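Visitor: I am attaching a structure below and will ask some questions about it afterwards.
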Amino acid sequence: MVSAETKPNSSSNFKLIDGRKLSYKERGVPKEKSNYRIIFIHGFDSSKERDFLAPQELMNTMGVYIVQFDRAGYGGSDPNLKRSLRSEASDIEELANHLELGSKFHIIGFSMGSYPTWSCIKHLSHRLAGVAFVVPIVNYQWPSLPESVLKDDERKKWYKRMTLVARYAPKLLHWWMIRKTSQSSSTDSTKPTYFTDKDLELLKNAPGFQFLTADKLKSRSVFNNLRSDFLVAFSKWDFDPLELSNPFSENDKRPVHIWHGCEDRFINLKLQRHVSERLPWIQYHEVHDGGHLLIYDTAVCEAILKSLLLGEDTPLYTPKFTS
């Protein structure tokens, strides 16, 4: 067992090569005593304060060090007016170098934090010891997604419409988002329809979680950052993840994992299963009663760490579907 002493949760920051400030916090065992070093990548409208809720005792026993950082424009990090798939990966590499994480480190990418994670697999695979995607987005503009998988997916139309409005009518989108959020707050903001009952139960013990509010959205800088994040995630990419070959050694036991909740209301389960079938070098796991907020389920987080770091699979999360 590694010493149970943990790093404080206070924030630190440093300057990136382009002059922007990047803010982060460290968790788990002290880095110099760690066996595993992980960078956690948060999602949309989030920050480093939304912890990956793996049990502290487990992290102490395994010797896990986790750094959580604010992606560009979130929390204490400066916005990046030139945000791109490549810039998100570059920020992660600079963070790893600044903290001296070594030649290789692990990544856990949550929800919309998955597009920087895909970019790391594309551009930084030589630095990665392993990767876990947790409820990752699927971009409907990936060229090789077949129409047979998309034809009954109403989300495709919504994302296409939102992407067009975000790009060509940002003022209209800003007004609509404030109005929509205000209406939700005036009815019952404690039970948004896009979270399942399981999600809402998990939120009761989730540190750092706040719903997007109309007051927050009134800030132009907040809206601009959300808009740029959304556009990079759901516009055309310079590569198709479904066409990627395994960037890792064949001797590695599938060091890339996807975790998905079968009840997730954000991400289409059918699409996630298709991704897993297209990329057999990825280990796919399903949480049968899980929604979108798997990072707040301590049992799931424990399974994610054991699978990613130790190669231990939990039969409970083995998918039960046929191609």
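As shown in the structure tokens, the chain order sets the letters A, B, ...; within each chain, residues go from 1, and ligands are also counted from 1 in the order they appear.
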Could you pull out the strand (DSSP E or B) residues of stretch 57-89 of chain A from DSSP and send them as a VMD selection string?

Guide: chain A and resid 64 to 69

Visitor: Let me make sure I understand: among A:Phe248, A:Phe266, A:Phe110, A:Tyr65, which one has the smallest atom-to-atom distance to A:Pro136 if we use only C-alpha atoms?

Guide: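 Looking at the shortest contact to A:Pro136, the residue is A:Phe110.
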
Visitor: From stretch 70-173 of chain A, collect each residue whose DSSP state is alpha helix (DSSP H) and return the set as JSON, numbers by chain.

Guide: {"A": [85, 86, 87, 88, 89, 90, 91, 92, 93, 94, 95, 96, 97, 98, 114, 115, 116, 117, 118, 119, 120, 121, 122, 123, 147, 148, 149, 150, 154, 155, 156, 157, 158, 159, 160, 161, 162, 163, 164, 165, 166, 167, 168, 170, 171, 172, 173]}

Visitor: What lies within 6 Å of stretch 26-34 of chain A using only C-alpha atoms, ignoring chain neighbours under 2 positions off, as a count of residues only?

Guide: 10

Visitor: Using only C-alpha atoms, which of A:His288, A:Lys160, A:Lys204, A:Lys198 sits nearest A:Leu231?

Guide: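 Counting only C-alpha atoms, the residue closest to A:Leu231 is A:Lys160.
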
Visitor: What gap, in Å, lies between atom CA of A:Arg50 and atom CA of A:Asn224?

Guide: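 Taking atom CA of A:Arg50 as the start and atom CA of A:Asn224 as the end point, the length is 21.3 Å.
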
Visitor: Do you know which residues are at most 8 Å from A:Gly290 counting only C-alpha atoms, after dropping those on the same chain fewer than 2 positions away, and could you put them as a VMD selection string?

Guide: chain A and resid 198 to 199 260 to 264 287 to 288 292 to 294

Visitor: Could you please determine the separation between atom CA of A:Met62 and atom CA of A:Leu305 in Å, to one decimal place?

Guide: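 Computing it gives 9.3 Å between the two atoms.
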
Visitor: Find, counting only C-alpha atoms, the residue in A:Tyr168, A:Phe44, A:Trp281, A:Tyr317 that gets nearest to A:Ser114.

Guide: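 Closest to A:Ser114, using only C-alpha atoms: A:Phe44.
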
Visitor: Please list as JSON, numbers by chain every residue within 8 Å of stretch 276-280 of chain A, counting only C-alpha atoms and excluding residues in the same chain fewer than 6 positions away.

Guide: {"A": [242, 244, 245, 258, 323]}

Visitor: Please, could you write that set of residues out with C-alpha atoms as a PDB file, in the first residue's frame?

Guide:
```
ATOM      1  CA  LEU A 242     -13.799   5.174 -36.577  1.00  0.00           C
ATOM      2  CA  LEU A 244      -8.198   4.888 -36.537  1.00  0.00           C
ATOM      3  CA  SER A 245      -6.044   1.808 -36.234  1.00  0.00           C
ATOM      4  CA  ILE A 258     -15.317   2.922 -23.375  1.00  0.00           C
ATOM      5  CA  SER A 323     -24.034  -7.495 -33.315  1.00  0.00           C
TER       6      SER A 323
END
```

Visitor: Between A:Phe211, A:Phe195, A:Tyr284, A:Phe105, which one has atoms that come closest to A:Leu124, using only C-alpha atoms?

Guide: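 Nearest candidate to A:Leu124 out of A:Phe211, A:Phe195, A:Tyr284, A:Phe105: A:Phe105.
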
Visitor: Residues near A:Pro255, anyone? I mean within 7 Å using only C-alpha atoms, not counting same-chain ones fewer than 6 positions away, as a ChimeraX atom specification.

Guide: /A:130-131,308

Visitor: For the selection just defined, write its residues with N, CA and C atoms to a file, as a short mmCIF file (atom, residue, chain, number, x, y, z; two decimals), in the first residue's frame.

Guide:
```cif
data_model
loop_
_atom_site.label_atom_id
_atom_site.label_comp_id
_atom_site.auth_asym_id
_atom_site.auth_seq_id
_atom_site.Cartn_x
_atom_site.Cartn_y
_atom_site.Cartn_z
N GLY A 130 -2.67 4.41 -21.29
CA GLY A 130 -4.01 3.85 -21.39
C GLY A 130 -5.05 4.95 -21.36
N VAL A 131 -6.24 4.64 -21.84
CA VAL A 131 -7.31 5.64 -21.97
C VAL A 131 -8.64 5.03 -21.56
N LEU A 308 -8.78 -0.09 -16.23
CA LEU A 308 -7.80 0.71 -16.94
C LEU A 308 -6.37 0.41 -16.49
#
```

Visitor: Which residues, written as a list in words, have at least one atom at most 6 Å from A:Ser77, with only C-alpha atoms counted and residues fewer than 4 positions away on the same chain left out?

Guide: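 Residues near the query, excluding close chain neighbours: Lys21, Leu22, Ser23, Asp70, Ala72 and Gly73 of chain A.
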
Visitor: Please, what distance in Å, to one decimal, runs between atom CA of A:Leu128 and atom CA of A:Ile107?

Guide: 7.4 Å

Visitor: Pick from A:Lys25, A:His257, A:Lys180, A:Lys48: nearest to A:Asn13, with only C-alpha atoms counted?

Guide: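 Checking each of A:Lys25, A:His257, A:Lys180, A:Lys48 against A:Asn13, counting only C-alpha atoms, the winner is A:Lys25.
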
Visitor: Using only C-alpha atoms, find the one residue out of A:Val232, A:Tyr140, A:Phe133, A:Asp153 that sits nearest to A:Glu286.

Guide: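 With only C-alpha atoms as the atom set, the closest residue is A:Phe133.
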